[in-house]
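Data file: work-v2.txt. Format and content: compact mmCIF, C-alpha atoms.
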# COMPACT_ATOMS: atom_id res chain seq x y z
CA MET A 581 82.73 161.27 120.53
CA ARG A 582 81.19 162.14 117.20
CA SER A 583 79.98 159.38 114.92
CA LEU A 584 81.94 158.34 111.92
CA GLU A 585 81.07 160.06 108.67
CA PRO A 586 80.20 157.90 105.67
CA SER A 587 83.71 158.39 104.24
CA SER A 588 85.17 157.25 107.56
CA TRP A 589 82.98 154.18 107.49
CA ARG A 590 84.31 153.40 104.04
CA LYS A 591 87.89 153.80 105.29
CA SER A 592 87.16 151.58 108.30
CA ALA A 593 85.61 148.95 106.09
CA HIS A 594 88.61 149.17 103.76
CA TRP A 595 91.01 148.56 106.65
CA GLY A 596 88.91 145.64 107.87
CA LEU A 597 88.89 144.03 104.46
CA LEU A 598 92.62 144.62 104.05
CA VAL A 599 93.55 143.12 107.41
CA GLY A 600 91.08 140.27 107.02
CA GLY A 601 92.48 139.50 103.59
CA LEU A 602 96.03 139.52 104.90
CA VAL A 603 95.10 137.19 107.76
CA LEU A 604 93.37 134.76 105.40
CA HIS A 605 96.32 134.93 103.02
CA VAL A 606 98.83 134.14 105.77
CA LEU A 607 96.69 131.33 107.19
CA ALA A 608 96.25 129.84 103.74
CA TRP A 609 100.00 130.10 103.13
CA ASP A 610 100.71 128.36 106.46
CA ALA A 611 98.33 125.53 105.64
CA ALA A 612 99.96 125.03 102.25
CA ALA A 613 103.49 125.23 103.66
CA SER A 614 103.47 122.10 105.82
CA PRO A 615 105.80 119.46 104.33
CA VAL A 616 104.54 115.98 103.48
CA VAL A 617 106.70 113.56 105.47
CA ASP A 618 107.64 110.89 102.93
CA GLY A 619 111.42 111.11 102.64
CA THR A 620 111.35 113.43 99.65
CA ARG A 621 112.11 117.12 100.09
CA ASP A 622 109.41 119.48 98.88
CA GLY A 623 109.32 123.22 98.37
CA ALA A 624 107.91 123.93 101.81
CA TYR A 625 111.42 123.78 103.29
CA GLY A 626 112.98 126.49 101.19
CA ALA A 627 116.76 126.73 101.02
CA ALA A 628 119.11 124.32 102.78
CA LEU A 629 120.16 125.32 106.30
CA ALA A 630 123.37 123.28 106.04
CA VAL A 631 125.16 121.75 103.04
CA GLN A 632 127.83 119.05 103.35
CA THR A 633 131.41 120.29 103.20
CA VAL A 634 133.38 117.02 103.08
CA ASP A 635 133.03 113.78 101.10
CA THR A 636 132.02 110.66 102.99
CA GLN A 637 134.47 108.01 104.19
CA PHE A 638 131.64 105.70 105.29
CA GLY A 639 130.67 104.80 101.71
CA ASP A 640 129.41 106.87 98.79
CA ASN A 641 125.61 106.61 98.60
CA PHE A 642 125.67 104.32 101.62
CA SER A 643 126.30 106.63 104.60
CA GLU A 644 126.29 110.26 103.55
CA LEU A 645 124.65 113.46 104.73
CA ASP A 646 124.13 115.89 101.87
CA ALA A 647 122.09 118.76 103.32
CA GLY A 648 119.82 119.70 106.19
CA TYR A 649 116.45 121.45 106.03
CA GLY A 650 113.91 122.44 108.65
CA SER A 651 110.58 124.14 109.16
CA ILE A 652 108.55 125.06 112.25
CA ASP A 653 104.95 124.93 111.14
CA SER A 654 101.49 123.67 112.16
CA GLY A 655 102.63 122.77 115.67
CA LYS A 656 105.53 120.62 114.47
CA LEU A 657 109.23 120.68 113.75
CA PHE A 658 109.72 119.28 110.27
CA LEU A 659 113.24 118.06 109.63
CA MET A 660 114.75 116.80 106.37
CA VAL A 661 118.23 115.30 106.09
CA THR A 662 119.06 114.35 102.53
CA GLY A 663 121.44 111.51 101.71
CA ASN A 664 121.63 107.84 102.70
CA ILE A 665 121.64 105.64 105.80
CA GLU A 666 123.47 102.36 105.17
CA ALA A 667 121.39 99.23 105.79
CA ASN A 668 123.92 97.80 108.26
CA PHE A 669 122.51 99.45 111.41
CA ASN A 670 124.93 102.37 111.28
CA THR A 671 123.34 105.03 113.46
CA LEU A 672 122.09 108.43 112.43
CA GLU A 673 122.45 110.47 115.62
CA ILE A 674 120.18 113.53 115.83
CA PHE A 675 120.44 115.96 118.73
CA ILE A 676 117.85 118.72 119.23
CA ASP A 677 118.31 121.93 121.23
CA SER A 678 114.77 123.28 121.52
CA LYS A 679 114.62 125.04 124.88
CA ALA A 680 116.67 126.78 127.53
CA GLY A 681 119.19 124.68 129.41
CA GLY A 682 120.24 121.24 128.27
CA GLN A 683 123.43 119.23 128.01
CA THR A 684 126.74 120.75 126.95
CA SER A 685 128.29 117.30 127.39
CA PHE A 686 126.22 114.26 126.45
CA THR A 687 124.87 111.87 129.05
CA SER A 688 122.69 109.13 127.62
CA SER A 689 119.15 108.42 128.74
CA GLY A 690 120.09 104.73 128.44
CA ASN A 691 118.60 104.06 125.02
CA ASP A 692 120.19 101.66 122.57
CA GLY A 693 123.64 101.55 124.15
CA ALA A 694 124.15 105.25 123.50
CA ASN A 695 126.06 105.54 126.77
CA ALA A 696 129.16 104.81 124.65
CA MET A 697 128.93 108.50 123.71
CA ASN A 698 128.82 109.75 127.29
CA GLY A 699 131.17 112.71 127.50
CA LEU A 700 130.58 113.85 123.90
CA VAL A 701 131.15 117.62 124.01
CA PHE A 702 128.83 119.73 121.86
CA ASP A 703 129.78 122.91 120.05
CA THR A 704 129.63 126.16 121.97
CA GLY A 705 126.09 127.51 121.74
CA PHE A 706 124.49 124.05 121.49
CA THR A 707 122.83 122.42 124.50
CA ALA A 708 121.13 119.11 123.73
CA ASP A 709 117.63 118.47 125.06
CA TYR A 710 116.61 115.46 122.95
CA HIS A 711 118.43 112.60 121.24
CA LEU A 712 116.92 110.75 118.28
CA ILE A 713 118.31 107.60 116.68
CA ALA A 714 117.50 106.28 113.21
CA ARG A 715 118.98 103.05 111.85
CA ARG A 716 118.05 100.32 109.41
CA GLY A 717 119.24 96.87 108.37
CA THR A 718 118.37 93.18 108.30
CA ASP A 719 117.97 91.61 111.74
CA GLY A 720 118.67 88.13 110.43
CA VAL A 721 115.14 87.59 109.18
CA ASN A 722 113.44 90.88 108.40
CA ASP A 723 114.42 94.19 106.86
CA THR A 724 113.73 96.75 109.56
CA PHE A 725 113.90 100.49 110.23
CA ASN A 726 114.23 101.36 113.91
CA PHE A 727 113.79 104.70 115.63
CA ALA A 728 114.25 106.02 119.18
CA PHE A 729 113.33 109.25 120.94
CA ALA A 730 115.01 110.26 124.20
CA ASP A 731 114.30 113.14 126.55
CA LEU A 732 117.74 113.88 127.97
CA GLY A 733 116.49 116.12 130.76
CA ALA A 734 113.96 113.60 132.04
CA VAL A 735 116.33 110.65 131.35
CA THR A 736 113.60 108.71 129.56
CA PHE A 737 113.31 107.18 126.10
CA SER A 738 111.04 105.21 123.80
CA THR A 739 112.10 102.89 120.98
CA TYR A 740 110.06 101.96 117.93
CA SER A 741 111.12 98.90 115.95
CA ASP A 742 110.34 98.19 112.30
CA ILE A 743 108.22 101.33 111.99
CA LEU A 744 108.33 101.38 108.18
CA GLY A 745 107.61 97.68 107.66
CA GLY A 746 110.86 97.47 105.71
CA LEU A 747 113.90 99.56 104.87
CA THR A 748 112.07 102.48 103.25
CA GLY A 749 108.65 104.13 103.30
CA SER A 750 106.71 106.34 105.69
CA ASN A 751 104.73 105.86 108.87
CA THR A 752 104.08 107.35 112.30
CA THR A 753 105.58 106.00 115.50
CA GLY A 754 103.59 105.01 118.52
CA THR A 755 103.58 107.11 121.66
CA GLY A 756 105.59 106.93 124.85
CA VAL A 757 108.04 109.61 125.91
CA ASN A 758 106.69 111.42 122.87
CA ALA A 759 103.00 112.01 123.57
CA VAL A 760 102.32 112.55 119.86
CA GLY A 761 103.39 110.05 117.21
CA ILE A 762 106.47 111.13 115.25
CA GLU A 763 106.10 111.12 111.49
CA VAL A 764 108.99 109.29 109.81
CA GLY A 765 109.74 108.98 106.10
CA TYR A 766 112.81 107.51 104.43
CA ASP A 767 113.72 107.31 100.73
CA ASN A 768 117.05 105.68 99.86
CA SER A 769 117.05 106.44 96.14
CA ASN A 770 119.88 109.00 96.18
CA VAL A 771 122.78 108.03 93.89
CA ALA A 772 124.34 111.49 93.57
CA GLY A 773 125.40 114.07 96.16
CA VAL A 774 128.84 113.91 97.74
CA SER A 775 131.54 111.46 96.65
CA GLY A 776 133.51 108.91 98.62
CA SER A 777 136.74 110.44 99.93
CA THR A 778 138.06 112.75 102.62
CA GLY A 779 138.24 115.81 100.39
CA ALA A 780 136.01 118.83 99.97
CA ALA A 781 132.46 118.00 98.89
CA ASN A 782 130.79 119.27 95.75
CA GLN A 783 128.23 121.43 97.53
CA VAL A 784 126.19 122.06 94.39
CA ALA A 785 125.72 118.31 93.98
CA ALA A 786 124.98 117.92 97.69
CA ALA A 787 122.32 120.63 97.64
CA ALA A 788 120.66 119.00 94.61
CA VAL A 789 119.80 115.78 96.51
CA THR A 790 116.10 115.60 97.34
CA THR A 791 115.71 112.29 99.20
CA GLY A 792 116.67 110.91 102.61
CA LEU A 793 115.25 110.96 106.14
CA GLU A 794 112.31 113.21 107.01
CA LEU A 795 110.65 113.72 110.40
CA GLY A 796 107.64 115.56 111.79
CA ILE A 797 107.86 116.05 115.57
CA ALA A 798 105.22 117.76 117.73
CA LEU A 799 106.59 120.96 119.26
CA SER A 800 104.85 120.02 122.51
CA ASP A 801 107.10 116.96 122.74
CA LEU A 802 110.12 119.26 122.47
CA ASP A 803 108.89 121.60 125.24
CA TYR A 804 109.14 124.34 122.64
CA LEU A 805 108.16 127.85 123.72
CA GLY A 806 109.46 129.79 120.74
CA GLY A 807 112.63 130.97 119.07
CA PRO A 808 115.15 129.01 116.99
CA ILE A 809 115.71 125.27 117.24
CA ARG A 810 119.26 123.96 116.79
CA ILE A 811 119.95 120.58 115.20
CA MET A 812 123.12 118.46 115.18
CA VAL A 813 123.24 115.38 112.95
CA GLY A 814 126.08 112.87 112.63
CA VAL A 815 126.68 109.35 111.29
CA ASN A 816 128.00 106.86 113.84
CA ASN A 817 128.52 103.10 113.81
CA SER A 818 126.04 100.64 115.30
CA ALA A 819 127.68 100.74 118.75
CA HIS A 820 127.79 104.57 118.91
CA ASP A 821 131.57 104.49 119.31
CA TYR A 822 133.05 105.20 115.88
CA TRP A 823 132.05 108.46 114.21
CA SER A 824 132.25 108.96 110.46
CA ASN A 825 133.22 112.30 108.92
CA GLN A 826 129.59 113.08 108.07
CA PHE A 827 127.99 115.82 110.16
CA LEU A 828 125.57 118.66 109.50
CA ALA A 829 126.72 121.29 109.56
CA GLY A 830 129.85 119.78 108.02
CA LEU A 831 133.43 119.51 109.22
CA PRO A 832 136.25 121.49 107.56
CA ALA A 833 137.78 119.60 104.62
CA PRO A 834 139.87 117.56 104.25
CA GLN A 835 138.66 115.32 107.03
CA GLY A 836 138.60 111.55 107.52
CA ASN A 837 136.48 109.56 109.92
CA LEU A 838 136.68 110.80 113.50
CA GLY A 839 136.36 107.37 115.09
CA GLY A 840 136.52 107.53 118.87
CA ASP A 841 139.65 109.64 119.22
CA GLU A 842 138.90 112.33 116.58
CA SER A 843 141.67 110.92 114.35
CA GLY A 844 140.01 107.75 113.05
CA GLY A 845 141.15 105.44 115.85
CA PHE A 846 138.90 102.98 117.64
CA THR A 847 138.73 103.48 121.42
CA GLY A 848 135.45 101.78 122.25
CA GLU A 849 133.96 105.17 123.11
CA GLY A 850 132.31 107.93 121.09
CA ALA A 851 133.07 110.80 123.46
CA ILE A 852 134.63 113.22 120.99
CA ASP A 853 134.82 116.99 121.45
CA MET A 854 133.14 119.04 118.70
CA THR A 855 134.79 122.25 119.91
CA HIS A 856 138.07 120.88 118.53
CA PHE A 857 136.80 121.45 114.98
CA ALA A 858 136.39 124.81 113.30
CA GLY A 859 132.87 126.10 112.75
CA ASP A 860 129.58 124.86 114.17
CA GLN A 861 128.58 121.27 113.55
CA PHE A 862 124.91 122.13 113.94
CA PHE A 863 122.33 124.14 112.01
CA THR A 864 119.48 126.36 113.13
CA VAL A 865 115.79 126.27 112.21
CA VAL A 866 114.22 129.69 112.60
CA PRO A 867 110.41 129.95 112.84
CA GLU A 868 108.50 132.01 110.32
CA PRO A 869 107.76 135.49 111.72
CA SER A 870 104.62 135.20 113.84
CA THR A 871 104.29 138.95 114.25
CA PHE A 872 103.18 139.69 110.71
CA VAL A 873 99.46 139.29 111.35
CA LEU A 874 99.74 141.03 114.72
CA ALA A 875 101.54 143.90 113.03
CA CYS A 876 98.65 144.16 110.58
CA PHE A 877 96.20 144.35 113.45
CA GLY A 878 98.44 146.93 115.10
CA LEU A 879 98.42 149.08 111.98
CA ALA A 880 94.65 148.79 111.82
CA GLY A 881 94.44 149.82 115.47
CA LEU A 882 96.67 152.82 114.89
CA ALA A 883 94.56 153.89 111.94
CA SER A 884 91.39 153.52 114.00
CA ARG A 885 92.82 155.62 116.84
CA SER A 886 93.97 158.23 114.33
CA ARG A 887 90.45 158.51 112.94
CA ARG A 888 88.97 158.87 116.42
CA ARG A 889 91.30 161.78 117.23
CA LYS A 890 90.09 163.79 114.26
Please, can you express the file's structure as structure tokens?
Amino acid sequence: MRSLEPSSWRKSAHWGLLVGGLVLHVLAWDAAASPVVDGTRDGAYGAALAVQTVDTQFGDNFSELDAGYGSIDSGKLFLMVTGNIEANFNTLEIFIDSKAGGQTSFTSSGNDGANAMNGLVFDTGFTADYHLIARRGTDGVNDTFNFAFADLGAVTFSTYSDILGGLTGSNTTGTGVNAVGIEVGYDNSNVAGVSGSTGAANQVAAAAVTTGLELGIALSDLDYLGGPIRIMVGVNNSAHDYWSNQFLAGLPAPQGNLGGDESGGFTGEGAIDMTHFAGDQFFTVVPEPSTFVLACFGLAGLASRSRRRK
């Protein structure tokens, strides 16, 4: 094989600089793109993945879900749900579908009395692997924000009490079922977003809300191997047996509270069937393309082979 001529060396060097520059640019962009978990949405999330479709019947600016955002970056799933969690221990139920398999019908891992939801049927295309609970209120003495993480497949869970040292703020949980501490941030300052009714939500107002619950969860704790991650979020009462009308993705409007029988009645159980409602009551977080840098290397390799054939 003949040696490269000086002009070929210049072309090779040019390709190396180009690819190297692209790699550094992408790595720098990735480092800058990680959200700061403090309960305030930042630009790293981009556009909303779900925007509320129906006004809340659990109390305007008390229990409302305005929009959902997500990012898979730096070894974590970052999740932002804008709106408010009422300080009466109403439960924000978060289900994560992050791997193959999972539950099509919910069976609790035993955490926090969530067995009241046993039999909850998820939308077609959603199989729950993990169940997260966020709630806040006054326990008689202290203001507290409590959080739980359950692995549905392993039937294990960990609970973390008073992780924010109050009703708002940011902190990282301890470890247990989750081997890496979960970043949690909550800001309750929203006074806009959806209104209090059963009618169609003002989606422009909902998308404009920038505060609420934010999480940073290690992908290793979600057994994540790649691809999209699906998220279902809903507001339930403290006993997990009376659903509001607040879900992300949202229900078709008009829609009142679902309760335990999907019509606002109390049955003592939260085993509703999401397939009875039009659309998907979940949203999907898609990872940033990981093939961009590899494609650049591939192009460089093709160019190199082309030069060698000359």
### Query
Of the candidates A:Thr847, A:Asn664, A:Thr707, A:Asn726, which shows the shortest atom-to-atom distance to A:Gly814, using only C-alpha atoms?
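Using only C-alpha atoms, the shortest distance to A:Gly814 belongs to A:Asn664.
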Take every atom of stretch 616-626 of chain A listed in the file, pad by 8 Å on each side, and give me the axis-aligned box centre and edge lengths in Å, one decimal, as lines of an AutoDock Vina configuration file.
center_x = 108.8
center_y = 118.7
center_z = 101.9
size_x = 24.4
size_y = 31.6
size_z = 23.1
### Query
Using only C-alpha atoms, which of A:Ala858, A:Leu732, A:Asn691, A:Glu794 sits nearest A:Tyr625?
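So, comparing all the options, the nearest one is A:Glu794.
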### Message
Could you list, as an MDAnalysis selection string, every residue within 7 Å of A:Ile676, counting all atoms listed in the file and ignoring same-chain residues fewer than 6 positions away?
### Response
chainID A and resid 708:711 810:812
### Query
Hey, what's within 10 Å of A:Phe846 if we count all atoms listed in the file and toss same-chain stuff fewer than 5 positions away? As an MDAnalysis selection string, please?
chainID A and resid 821:823 838:841
### Message
Here is a test: counting only C-alpha atoms, which residue of A:Lys679, A:Arg621, A:Arg716, A:Lys656 is nearest to A:Ala788?
### Response
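Checking each of A:Lys679, A:Arg621, A:Arg716, A:Lys656 against A:Ala788, counting only C-alpha atoms, the winner is A:Arg621.
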Polymer residues at most 8 Å from A:Ile743, all atoms listed in the file, same-chain spacing of 5 or more positions, as a compact mmCIF listing (two decimals) with C-alpha atoms, in the frame of the given file:
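Dumped to result.txt:
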# COMPACT_ATOMS: atom_id res chain seq x y z
CA THR A 724 113.73 96.75 109.56
CA PHE A 725 113.90 100.49 110.23
CA ASN A 726 114.23 101.36 113.91
CA PHE A 727 113.79 104.70 115.63
CA ASN A 751 104.73 105.86 108.87
CA THR A 752 104.08 107.35 112.30
CA THR A 753 105.58 106.00 115.50
### Query
Distance atom CA of A:Gln861-atom CA of A:Glu849, one decimal place?
19.5 Å
Since fewer atoms than expected are present, regenerate N, CA and C atoms for stretch 790-824 of chain A and write them as an mmCIF file, in the frame of the given file.
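Writing the result to rebuild_21.cif gives the following:
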data_model
loop_
_atom_site.group_PDB
_atom_site.id
_atom_site.type_symbol
_atom_site.label_atom_id
_atom_site.label_comp_id
_atom_site.auth_asym_id
_atom_site.auth_seq_id
_atom_site.Cartn_x
_atom_site.Cartn_y
_atom_site.Cartn_z
ATOM 1 N N THR A 790 117.454 115.311 96.852
ATOM 2 C CA THR A 790 116.100 115.600 97.340
ATOM 3 C C THR A 790 115.517 114.491 98.213
ATOM 4 N N THR A 791 116.263 113.409 98.444
ATOM 5 C CA THR A 791 115.710 112.290 99.200
ATOM 6 C C THR A 791 116.575 111.958 100.417
ATOM 7 N N GLY A 792 115.964 111.298 101.399
ATOM 8 C CA GLY A 792 116.670 110.910 102.610
ATOM 9 C C GLY A 792 115.701 110.698 103.743
ATOM 10 N N LEU A 793 116.095 111.125 104.956
ATOM 11 C CA LEU A 793 115.250 110.960 106.140
ATOM 12 C C LEU A 793 114.474 112.235 106.412
ATOM 13 N N GLU A 794 113.188 112.071 106.714
ATOM 14 C CA GLU A 794 112.310 113.210 107.010
ATOM 15 C C GLU A 794 111.504 112.897 108.268
ATOM 16 N N LEU A 795 111.368 113.898 109.137
ATOM 17 C CA LEU A 795 110.650 113.720 110.400
ATOM 18 C C LEU A 795 109.660 114.858 110.622
ATOM 19 N N GLY A 796 108.594 114.553 111.324
ATOM 20 C CA GLY A 796 107.640 115.560 111.790
ATOM 21 C C GLY A 796 107.390 115.329 113.268
ATOM 22 N N ILE A 797 107.887 116.239 114.125
ATOM 23 C CA ILE A 797 107.860 116.050 115.570
ATOM 24 C C ILE A 797 107.012 117.147 116.206
ATOM 25 N N ALA A 798 106.074 116.780 117.060
ATOM 26 C CA ALA A 798 105.220 117.760 117.730
ATOM 27 C C ALA A 798 106.070 118.685 118.590
ATOM 28 N N LEU A 799 105.846 119.988 118.464
ATOM 29 C CA LEU A 799 106.590 120.960 119.260
ATOM 30 C C LEU A 799 106.337 120.759 120.754
ATOM 31 N N SER A 800 105.161 120.271 121.098
ATOM 32 C CA SER A 800 104.850 120.020 122.510
ATOM 33 C C SER A 800 105.745 118.944 123.090
ATOM 34 N N ASP A 801 106.198 118.006 122.265
ATOM 35 C CA ASP A 801 107.100 116.960 122.740
ATOM 36 C C ASP A 801 108.537 117.443 122.843
ATOM 37 N N LEU A 802 108.796 118.655 122.357
ATOM 38 C CA LEU A 802 110.120 119.260 122.470
ATOM 39 C C LEU A 802 110.131 120.386 123.500
ATOM 40 N N ASP A 803 109.030 120.524 124.251
ATOM 41 C CA ASP A 803 108.890 121.600 125.240
ATOM 42 C C ASP A 803 109.213 122.956 124.628
ATOM 43 N N TYR A 804 108.781 123.145 123.409
ATOM 44 C CA TYR A 804 109.140 124.340 122.640
ATOM 45 C C TYR A 804 108.255 125.515 123.024
ATOM 46 N N LEU A 805 108.899 126.634 123.356
ATOM 47 C CA LEU A 805 108.160 127.850 123.720
ATOM 48 C C LEU A 805 108.399 128.988 122.744
ATOM 49 N N GLY A 806 109.185 128.756 121.720
ATOM 50 C CA GLY A 806 109.460 129.790 120.740
ATOM 51 C C GLY A 806 110.939 129.958 120.484
ATOM 52 N N GLY A 807 111.246 130.712 119.413
ATOM 53 C CA GLY A 807 112.630 130.970 119.070
ATOM 54 C C GLY A 807 113.208 129.905 118.160
ATOM 55 N N PRO A 808 114.507 129.976 117.889
ATOM 56 C CA PRO A 808 115.150 129.010 116.990
ATOM 57 C C PRO A 808 115.327 127.647 117.638
ATOM 58 N N ILE A 809 115.404 126.628 116.809
ATOM 59 C CA ILE A 809 115.710 125.270 117.240
ATOM 60 C C ILE A 809 117.010 124.857 116.558
ATOM 61 N N ARG A 810 117.966 124.358 117.336
ATOM 62 C CA ARG A 810 119.260 123.960 116.790
ATOM 63 C C ARG A 810 119.316 122.442 116.652
ATOM 64 N N ILE A 811 119.913 121.997 115.537
ATOM 65 C CA ILE A 811 119.950 120.580 115.200
ATOM 66 C C ILE A 811 121.397 120.167 114.913
ATOM 67 N N MET A 812 121.838 119.078 115.511
ATOM 68 C CA MET A 812 123.120 118.460 115.180
ATOM 69 C C MET A 812 122.860 117.052 114.681
ATOM 70 N N VAL A 813 123.425 116.702 113.535
ATOM 71 C CA VAL A 813 123.240 115.380 112.950
ATOM 72 C C VAL A 813 124.614 114.800 112.620
ATOM 73 N N GLY A 814 124.830 113.532 112.959
ATOM 74 C CA GLY A 814 126.080 112.870 112.630
ATOM 75 C C GLY A 814 125.856 111.387 112.379
ATOM 76 N N VAL A 815 126.738 110.787 111.579
ATOM 77 C CA VAL A 815 126.680 109.350 111.290
ATOM 78 C C VAL A 815 127.683 108.633 112.185
ATOM 79 N N ASN A 816 127.203 107.638 112.921
ATOM 80 C CA ASN A 816 128.000 106.860 113.840
ATOM 81 C C ASN A 816 127.863 105.379 113.476
ATOM 82 N N ASN A 817 128.683 104.519 114.075
ATOM 83 C CA ASN A 817 128.520 103.100 113.810
ATOM 84 C C ASN A 817 127.406 102.527 114.692
ATOM 85 N N SER A 818 127.179 101.239 114.610
ATOM 86 C CA SER A 818 126.040 100.640 115.300
ATOM 87 C C SER A 818 126.192 100.647 116.814
ATOM 88 N N ALA A 819 127.441 100.750 117.301
ATOM 89 C CA ALA A 819 127.680 100.740 118.750
ATOM 90 C C ALA A 819 127.858 102.148 119.307
ATOM 91 N N HIS A 820 127.672 103.164 118.496
ATOM 92 C CA HIS A 820 127.790 104.570 118.910
ATOM 93 C C HIS A 820 129.217 104.938 119.330
ATOM 94 N N ASP A 821 130.215 104.217 118.842
ATOM 95 C CA ASP A 821 131.570 104.490 119.310
ATOM 96 C C ASP A 821 132.603 104.668 118.187
ATOM 97 N N TYR A 822 132.120 104.908 116.970
ATOM 98 C CA TYR A 822 133.050 105.200 115.880
ATOM 99 C C TYR A 822 132.371 106.147 114.893
ATOM 100 N N TRP A 823 132.674 107.429 115.038
ATOM 101 C CA TRP A 823 132.050 108.460 114.210
ATOM 102 C C TRP A 823 132.649 108.497 112.805
ATOM 103 N N SER A 824 131.786 108.706 111.827
ATOM 104 C CA SER A 824 132.250 108.960 110.460
ATOM 105 C C SER A 824 132.717 110.413 110.355
#
